[in-house]
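Engineer: Contents of input_32.pdb (PDB, C-alpha atoms) are below:
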MODEL        1
ATOM      1  CA  MET Q   1     -43.559  66.269 -87.721
ATOM      2  CA  ASP Q   2     -42.951  69.738 -86.360
ATOM      3  CA  GLY Q   3     -45.343  72.364 -87.665
ATOM      4  CA  PHE Q   4     -48.199  69.985 -88.209
ATOM      5  CA  PRO Q   5     -51.234  69.680 -85.962
ATOM      6  CA  SER Q   6     -51.476  66.787 -83.583
ATOM      7  CA  ALA Q   7     -53.748  63.967 -84.600
ATOM      8  CA  ASP Q   8     -57.286  63.657 -83.316
ATOM      9  CA  VAL Q   9     -57.475  60.046 -84.407
ATOM     10  CA  VAL Q  10     -54.729  57.481 -84.887
ATOM     11  CA  TRP Q  11     -55.233  54.411 -87.037
ATOM     12  CA  ASP Q  12     -52.646  51.738 -87.721
ATOM     13  CA  ALA Q  13     -53.721  50.122 -90.983
ATOM     14  CA  GLU Q  14     -50.780  47.713 -90.828
ATOM     15  CA  ASP Q  15     -50.352  46.029 -94.228
ATOM     16  CA  LEU Q  16     -53.740  46.853 -95.721
ATOM     17  CA  ALA Q  17     -53.411  47.910 -99.350
ATOM     18  CA  CYS Q  18     -55.223  49.279-102.375
ATOM     19  CA  GLY Q  19     -59.007  48.975-102.280
ATOM     20  CA  VAL Q  20     -59.112  47.325 -98.887
ATOM     21  CA  LEU Q  21     -57.163  50.186 -97.348
ATOM     22  CA  LEU Q  22     -59.085  52.928 -99.166
ATOM     23  CA  LEU Q  23     -62.549  51.623 -98.354
ATOM     24  CA  LYS Q  24     -61.687  51.294 -94.672
ATOM     25  CA  LEU Q  25     -60.039  54.723 -94.769
ATOM     26  CA  ARG Q  26     -63.219  56.245 -96.177
ATOM     27  CA  GLY Q  27     -65.143  54.679 -93.304
ATOM     28  CA  ARG Q  28     -62.698  56.084 -90.770
ATOM     29  CA  MET Q  29     -62.947  59.572 -92.201
ATOM     30  CA  GLU Q  30     -66.736  59.420 -92.144
ATOM     31  CA  THR Q  31     -66.655  58.918 -88.388
ATOM     32  CA  MET Q  32     -64.532  62.063 -87.915
ATOM     33  CA  ARG Q  33     -65.658  65.674 -87.749
ATOM     34  CA  PRO Q  34     -64.671  68.211 -90.420
ATOM     35  CA  GLY Q  35     -61.224  69.609 -89.734
ATOM     36  CA  GLN Q  36     -60.102  66.728 -87.558
ATOM     37  CA  VAL Q  37     -56.763  65.142 -88.340
ATOM     38  CA  LEU Q  38     -56.117  61.449 -88.839
ATOM     39  CA  GLN Q  39     -52.699  59.987 -88.282
ATOM     40  CA  LEU Q  40     -52.630  56.973 -90.541
ATOM     41  CA  VAL Q  41     -49.942  54.340 -90.382
ATOM     42  CA  ALA Q  42     -49.892  52.407 -93.646
ATOM     43  CA  HIS Q  43     -47.038  50.036 -94.385
ATOM     44  CA  ASP Q  44     -47.980  48.987 -97.913
ATOM     45  CA  ALA Q  45     -45.468  50.258-100.463
ATOM     46  CA  GLY Q  46     -48.253  51.484-102.734
ATOM     47  CA  ALA Q  47     -49.683  53.776-100.086
ATOM     48  CA  ARG Q  48     -47.181  56.565-100.714
ATOM     49  CA  GLU Q  49     -48.612  57.035-104.214
ATOM     50  CA  ASP Q  50     -52.175  55.983-103.498
ATOM     51  CA  LEU Q  51     -52.863  58.222-100.513
ATOM     52  CA  PRO Q  52     -52.003  61.524-102.250
ATOM     53  CA  ALA Q  53     -54.207  60.445-105.173
ATOM     54  CA  TRP Q  54     -56.989  59.463-102.790
ATOM     55  CA  CYS Q  55     -56.846  62.862-101.115
ATOM     56  CA  ARG Q  56     -57.041  64.617-104.487
ATOM     57  CA  LEU Q  57     -60.052  62.490-105.407
ATOM     58  CA  THR Q  58     -61.928  62.915-102.160
ATOM     59  CA  GLY Q  59     -61.026  66.478-101.197
ATOM     60  CA  HIS Q  60     -59.350  65.626 -97.907
ATOM     61  CA  THR Q  61     -56.044  67.351 -97.226
ATOM     62  CA  LEU Q  62     -52.815  65.434 -96.995
ATOM     63  CA  LEU Q  63     -50.809  67.393 -94.439
ATOM     64  CA  SER Q  64     -47.684  65.311 -94.368
ATOM     65  CA  ILE Q  65     -46.093  62.173 -95.730
ATOM     66  CA  GLU Q  66     -43.444  60.427 -93.717
ATOM     67  CA  PRO Q  67     -43.998  56.786 -94.691
ATOM     68  CA  PRO Q  68     -45.416  54.816 -93.088
ATOM     69  CA  VAL Q  69     -47.062  57.779 -91.313
ATOM     70  CA  TYR Q  70     -49.539  60.056 -93.090
ATOM     71  CA  LEU Q  71     -51.436  63.005 -91.628
ATOM     72  CA  ILE Q  72     -54.787  63.691 -93.300
ATOM     73  CA  ARG Q  73     -57.211  66.481 -92.428
ATOM     74  CA  ARG Q  74     -60.884  65.683 -92.953
ATOM     75  CA  LYS Q  75     -62.560  68.022 -95.429
ATOM     76  CA  GLU Q  76     -65.302  70.426 -94.463
ATOM     77  CA  GLY Q  77     -68.859  69.277 -95.047
TER
ATOM     78  CA  MET C   1     -64.644  64.918-106.882
ATOM     79  CA  ALA C   2     -67.745  62.959-107.812
ATOM     80  CA  GLY C   3     -68.143  60.639-110.774
ATOM     81  CA  LYS C   4     -68.671  57.049-111.667
ATOM     82  CA  PHE C   5     -66.478  54.004-112.126
ATOM     83  CA  CYS C   6     -67.281  50.605-113.577
ATOM     84  CA  VAL C   7     -65.484  47.291-113.258
ATOM     85  CA  ASN C   8     -66.528  44.647-115.776
ATOM     86  CA  LEU C   9     -65.696  41.324-114.146
ATOM     87  CA  THR C  10     -65.724  38.314-116.446
ATOM     88  CA  HIS C  11     -64.160  35.630-114.247
ATOM     89  CA  SER C  12     -64.805  33.715-111.045
ATOM     90  CA  LYS C  13     -63.321  30.323-110.184
ATOM     91  CA  ASP C  14     -61.887  30.018-113.692
ATOM     92  CA  ASN C  15     -59.475  32.814-112.782
ATOM     93  CA  THR C  16     -59.580  33.663-109.092
ATOM     94  CA  ASP C  17     -56.759  36.187-109.430
ATOM     95  CA  ARG C  18     -58.764  38.315-111.869
ATOM     96  CA  ALA C  19     -61.950  37.933-109.855
ATOM     97  CA  THR C  20     -60.201  39.076-106.688
ATOM     98  CA  VAL C  21     -58.291  42.004-108.151
ATOM     99  CA  GLY C  22     -61.442  43.219-109.892
ATOM    100  CA  PHE C  23     -63.184  43.617-106.554
ATOM    101  CA  VAL C  24     -60.091  45.133-104.938
ATOM    102  CA  LEU C  25     -60.090  47.836-107.599
ATOM    103  CA  ALA C  26     -63.844  48.320-107.241
ATOM    104  CA  ASN C  27     -63.321  48.904-103.532
ATOM    105  CA  ALA C  28     -60.586  51.421-104.328
ATOM    106  CA  ALA C  29     -63.010  53.345-106.543
ATOM    107  CA  LEU C  30     -65.765  53.179-103.938
ATOM    108  CA  GLY C  31     -63.375  54.234-101.221
ATOM    109  CA  SER C  32     -62.329  57.178-103.378
ATOM    110  CA  GLY C  33     -65.866  58.493-103.500
ATOM    111  CA  LYS C  34     -66.932  57.155-106.893
ATOM    112  CA  GLU C  35     -70.379  55.797-107.624
ATOM    113  CA  THR C  36     -69.107  52.321-108.387
ATOM    114  CA  LEU C  37     -70.598  49.477-110.362
ATOM    115  CA  VAL C  38     -69.326  45.937-110.752
ATOM    116  CA  PHE C  39     -70.821  44.395-113.861
ATOM    117  CA  LEU C  40     -70.655  40.604-113.619
ATOM    118  CA  SER C  41     -70.611  38.947-117.012
ATOM    119  CA  ILE C  42     -69.485  35.670-118.647
ATOM    120  CA  GLU C  43     -68.093  33.402-115.849
ATOM    121  CA  GLY C  44     -68.211  36.324-113.431
ATOM    122  CA  VAL C  45     -71.968  35.903-112.988
ATOM    123  CA  ARG C  46     -71.379  32.864-110.798
ATOM    124  CA  LEU C  47     -70.191  35.239-108.067
ATOM    125  CA  ALA C  48     -73.720  36.625-107.850
ATOM    126  CA  ASN C  49     -74.971  33.470-106.174
ATOM    127  CA  LYS C  50     -74.599  33.366-102.409
ATOM    128  CA  GLY C  51     -71.926  30.958-101.289
ATOM    129  CA  PHE C  52     -70.085  30.658-104.576
ATOM    130  CA  ALA C  53     -67.277  33.010-103.584
ATOM    131  CA  GLU C  54     -66.754  31.366-100.193
ATOM    132  CA  SER C  55     -63.848  29.204-101.301
ATOM    133  CA  ILE C  56     -62.013  31.919-103.254
ATOM    134  CA  HIS C  57     -59.083  33.293-101.289
ATOM    135  CA  GLU C  58     -56.213  34.453-103.441
ATOM    136  CA  GLU C  59     -52.826  34.551-101.733
ATOM    137  CA  GLY C  60     -51.923  38.069-100.651
ATOM    138  CA  PHE C  61     -55.517  39.315-100.711
ATOM    139  CA  PRO C  62     -58.491  39.181 -98.376
ATOM    140  CA  PRO C  63     -61.047  36.457 -99.124
ATOM    141  CA  LEU C  64     -63.232  37.388-102.089
ATOM    142  CA  ARG C  65     -66.367  37.016 -99.984
ATOM    143  CA  GLU C  66     -65.034  39.705 -97.623
ATOM    144  CA  LEU C  67     -64.203  42.021-100.538
ATOM    145  CA  MET C  68     -67.699  41.582-101.951
ATOM    146  CA  ASP C  69     -69.399  42.108 -98.591
ATOM    147  CA  ASN C  70     -67.453  45.299 -97.956
ATOM    148  CA  PHE C  71     -68.273  46.546-101.445
ATOM    149  CA  ALA C  72     -72.000  46.022-100.896
ATOM    150  CA  LYS C  73     -71.932  47.513 -97.390
ATOM    151  CA  GLY C  74     -70.133  50.560 -98.759
ATOM    152  CA  GLY C  75     -72.929  51.209-101.226
ATOM    153  CA  GLY C  76     -71.450  49.609-104.331
ATOM    154  CA  ALA C  77     -73.789  48.220-106.959
ATOM    155  CA  ILE C  78     -73.491  44.845-108.656
ATOM    156  CA  TYR C  79     -75.200  44.297-111.990
ATOM    157  CA  VAL C  80     -75.485  40.738-113.232
ATOM    158  CA  CYS C  81     -75.677  40.037-116.960
ATOM    159  CA  SER C  82     -79.063  38.402-117.453
ATOM    160  CA  PRO C  83     -78.304  36.167-120.450
ATOM    161  CA  CYS C  84     -74.947  35.076-118.953
ATOM    162  CA  PHE C  85     -76.763  34.169-115.726
ATOM    163  CA  LYS C  86     -79.604  32.401-117.479
ATOM    164  CA  LYS C  87     -77.282  30.411-119.744
ATOM    165  CA  ARG C  88     -75.587  28.932-116.680
ATOM    166  CA  LYS C  89     -78.926  28.060-115.067
ATOM    167  CA  LEU C  90     -78.078  29.909-111.847
ATOM    168  CA  ASP C  91     -80.543  30.736-109.073
ATOM    169  CA  GLU C  92     -81.994  34.221-109.349
ATOM    170  CA  ASN C  93     -83.549  33.844-105.887
ATOM    171  CA  ASN C  94     -80.169  33.417-104.222
ATOM    172  CA  LEU C  95     -78.337  36.638-105.030
ATOM    173  CA  VAL C  96     -75.610  38.230-102.918
ATOM    174  CA  ALA C  97     -76.174  41.626-101.309
ATOM    175  CA  GLY C  98     -76.196  44.507-103.742
ATOM    176  CA  ALA C  99     -76.726  42.337-106.840
ATOM    177  CA  THR C 100     -79.368  42.984-109.473
ATOM    178  CA  ILE C 101     -79.951  41.010-112.649
ATOM    179  CA  VAL C 102     -80.021  43.406-115.579
ATOM    180  CA  GLY C 103     -79.985  43.595-119.340
ATOM    181  CA  GLY C 104     -77.429  45.481-121.356
ATOM    182  CA  ALA C 105     -79.382  48.732-121.334
ATOM    183  CA  LYS C 106     -78.664  49.236-117.641
ATOM    184  CA  LEU C 107     -74.937  49.007-118.246
ATOM    185  CA  VAL C 108     -75.152  51.298-121.246
ATOM    186  CA  GLU C 109     -77.137  53.798-119.183
ATOM    187  CA  PHE C 110     -74.555  53.734-116.398
ATOM    188  CA  LEU C 111     -71.697  54.266-118.846
ATOM    189  CA  SER C 112     -73.448  56.729-121.125
ATOM    190  CA  ASP C 113     -72.284  59.876-119.358
ATOM    191  CA  GLY C 114     -68.657  59.006-119.809
ATOM    192  CA  SER C 115     -67.958  56.662-116.923
ATOM    193  CA  PRO C 116     -64.675  54.794-117.248
ATOM    194  CA  CYS C 117     -64.861  51.013-117.309
ATOM    195  CA  VAL C 118     -62.073  48.514-116.778
ATOM    196  CA  THR C 119     -62.367  44.808-117.503
ATOM    197  CA  PHE C 120     -60.933  41.912-115.546
TER
ENDMDL
END
Could you express the structure from this file as structure tokens?

Structural biologist:
Amino acid sequence: MDGFPSADVVWDAEDLACGVLLLKLRGRMETMRPGQVLQLVAHDAGAREDLPAWCRLTGHTLLSIEPPVYLIRRKEG
Amino acid sequence: MAGKFCVNLTHSKDNTDRATVGFVLANAALGSGKETLVFLSIEGVRLANKGFAESIHEEGFPPLRELMDNFAKGGGAIYVCSPCFKKRKLDENNLVAGATIVGGAKLVEFLSDGSPCVTF
């Protein structure tokens, strides 16, 4: 993932999916500071569509998608 | 992106697949930053009583009890249809976390500013 910032937090969500994944992801992001980057490992097949949608909904920035690895920057505020 | 989302859940042990997926979707809405309501109606009201969901564990999903606990801990609201609850002679003093027995006006109020609502 050249060109992308290194992760401040790494979380392997294993096979978590859909609402279970998203609710836990929200909790993870709430523990991070604005601007910090989460490296999420999510193996569920639905994650590659769900995570971009989740970022659009919540305002966090999806920096990269290389399934099963996703880099997400926490929004400001 | 703020906003609301409602899941109308009409099943419990009579259709554990629907009951489970309803709460999975509710958690997806809550996790996506929506003010989320689960409206329990018809057979779904049985889930409002503590202990009832304990034995519901659909293959491929977390136990329903865990889904409901996480929903409540995350700030989700559960409205319970009063006449549905009363008809089944359930215990209003034994409600799960986050549950409130309501009449239809509360649901109408929640939906009245254009909130989407999906039914399971």

Engineer: Counting all atoms listed in the file, give me one row per residue of chain C with an atom at most 9 Å from an atom of chain Q, showing the shortest contact pair and its distance in Å to one decimal, sorted by chain then residue number, as a Markdown table.

Structural biologist:
| residue | atom | partner | partner_atom | distance |
| --- | --- | --- | --- | --- |
| C:Met1 | CA | Q:Leu57 | CA | 5.4 |
| C:Ala2 | CA | Q:Leu57 | CA | 8.1 |
| C:Phe23 | CA | Q:Gly19 | CA | 8.0 |
| C:Val24 | CA | Q:Gly19 | CA | 4.8 |
| C:Leu25 | CA | Q:Gly19 | CA | 5.5 |
| C:Ala26 | CA | Q:Gly19 | CA | 7.0 |
| C:Asn27 | CA | Q:Gly19 | CA | 4.5 |
| C:Ala28 | CA | Q:Gly19 | CA | 3.6 |
| C:Ala29 | CA | Q:Gly19 | CA | 7.3 |
| C:Leu30 | CA | Q:Leu23 | CA | 6.6 |
| C:Gly31 | CA | Q:Leu23 | CA | 4.0 |
| C:Ser32 | CA | Q:Trp54 | CA | 5.8 |
| C:Gly33 | CA | Q:Thr58 | CA | 6.1 |
| C:Lys34 | CA | Q:Leu57 | CA | 8.8 |
| C:Phe61 | CA | Q:Ala17 | CA | 9.0 |
| C:Pro62 | CA | Q:Val20 | CA | 8.2 |
| C:Leu67 | CA | Q:Val20 | CA | 7.5 |
| C:Asn70 | CA | Q:Leu23 | CA | 8.0 |
| C:Phe71 | CA | Q:Leu23 | CA | 8.3 |
| C:Gly74 | CA | Q:Leu23 | CA | 7.7 |

Engineer: Spell out the residues picked by the PyMOL selection byres ((chain Q and resi 14) around 8) here, as a PyMOL selection string.

Structural biologist: chain Q and resi 12-13+15-16+41-44

Engineer: Set the distance at 8 Å and use only C-alpha atoms: which residues neighbour Ala97 in chain C once local chain neighbours fewer than 2 positions away are removed? I'd like the list as a PDB file with C-alpha atoms, in the frame of the given file.

Structural biologist:
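Writing done, so here's part-v9.pdb:
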ATOM      1  CA  ASP C  69     -69.399  42.108 -98.591  1.00  0.00           C
ATOM      2  CA  ALA C  72     -72.000  46.022-100.896  1.00  0.00           C
ATOM      3  CA  LEU C  95     -78.337  36.638-105.030  1.00  0.00           C
ATOM      4  CA  ALA C  99     -76.726  42.337-106.840  1.00  0.00           C
TER       5      ALA C  99
END

Engineer: Work out how far apart CA of Glu66 in chain Q and CA of Gln36 in chain Q are and give it in Å to one decimal.

Structural biologist: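 CA of Glu66 in chain Q sits 18.8 Å away from CA of Gln36 in chain Q.
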
Engineer: For the structure provided, state which residues fall under the PyMOL selection byres ((chain Q and resi 74) around 6), and present them as a list in words.

Structural biologist: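 For this structure, the PyMOL selection byres ((chain Q and resi 74) around 6) resolves to Pro34, Gly35, Gln36, His60, Arg73 and Lys75 of chain Q.
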
Engineer: For CA of Gln39 in chain Q and CA of Val10 in chain Q, quote the distance in Å rounded to one decimal.

Structural biologist: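 Atom-to-atom, CA of Gln39 in chain Q to CA of Val10 in chain Q, that is 4.7 Å.
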
Engineer: Report, in Å with one decimal, the straight-line distance from CA of Phe110 in chain C to CA of Ile56 in chain C.

Structural biologist: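 We find that CA of Phe110 in chain C and CA of Ile56 in chain C lie 28.4 Å from each other.
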
Engineer: Expand the PyMOL selection byres ((chain C and resi 92) around 12) into the explicit residue set it covers here, and present it as a list in words.

Structural biologist: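 With the PyMOL selection byres ((chain C and resi 92) around 12) on this model, the match is Val45, Arg46, Leu47, Ala48, Asn49, Lys50, Val80, Cys81, Ser82, Pro83, Cys84, Phe85, Lys86, Arg88, Lys89, Leu90, Asp91, Asn93, Asn94, Leu95, Val96, Ala99, Thr100, Ile101 and Val102 of chain C.
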
Engineer: With distances taken over all atoms listed in the file, which of C:Ile78, C:Gly103, C:Ala53, C:Cys117 is nearest to Leu40 in chain C?

Structural biologist: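 Ranking C:Ile78, C:Gly103, C:Ala53, C:Cys117 by distance to Leu40 in chain C, first place goes to C:Ile78.
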
Engineer: Please list as a PyMOL selection string every residue within 12 Å of Gly114 in chain C, counting only C-alpha atoms and excluding residues in the same chain fewer than 4 positions away.

Structural biologist: chain C and resi 3-6+107-110
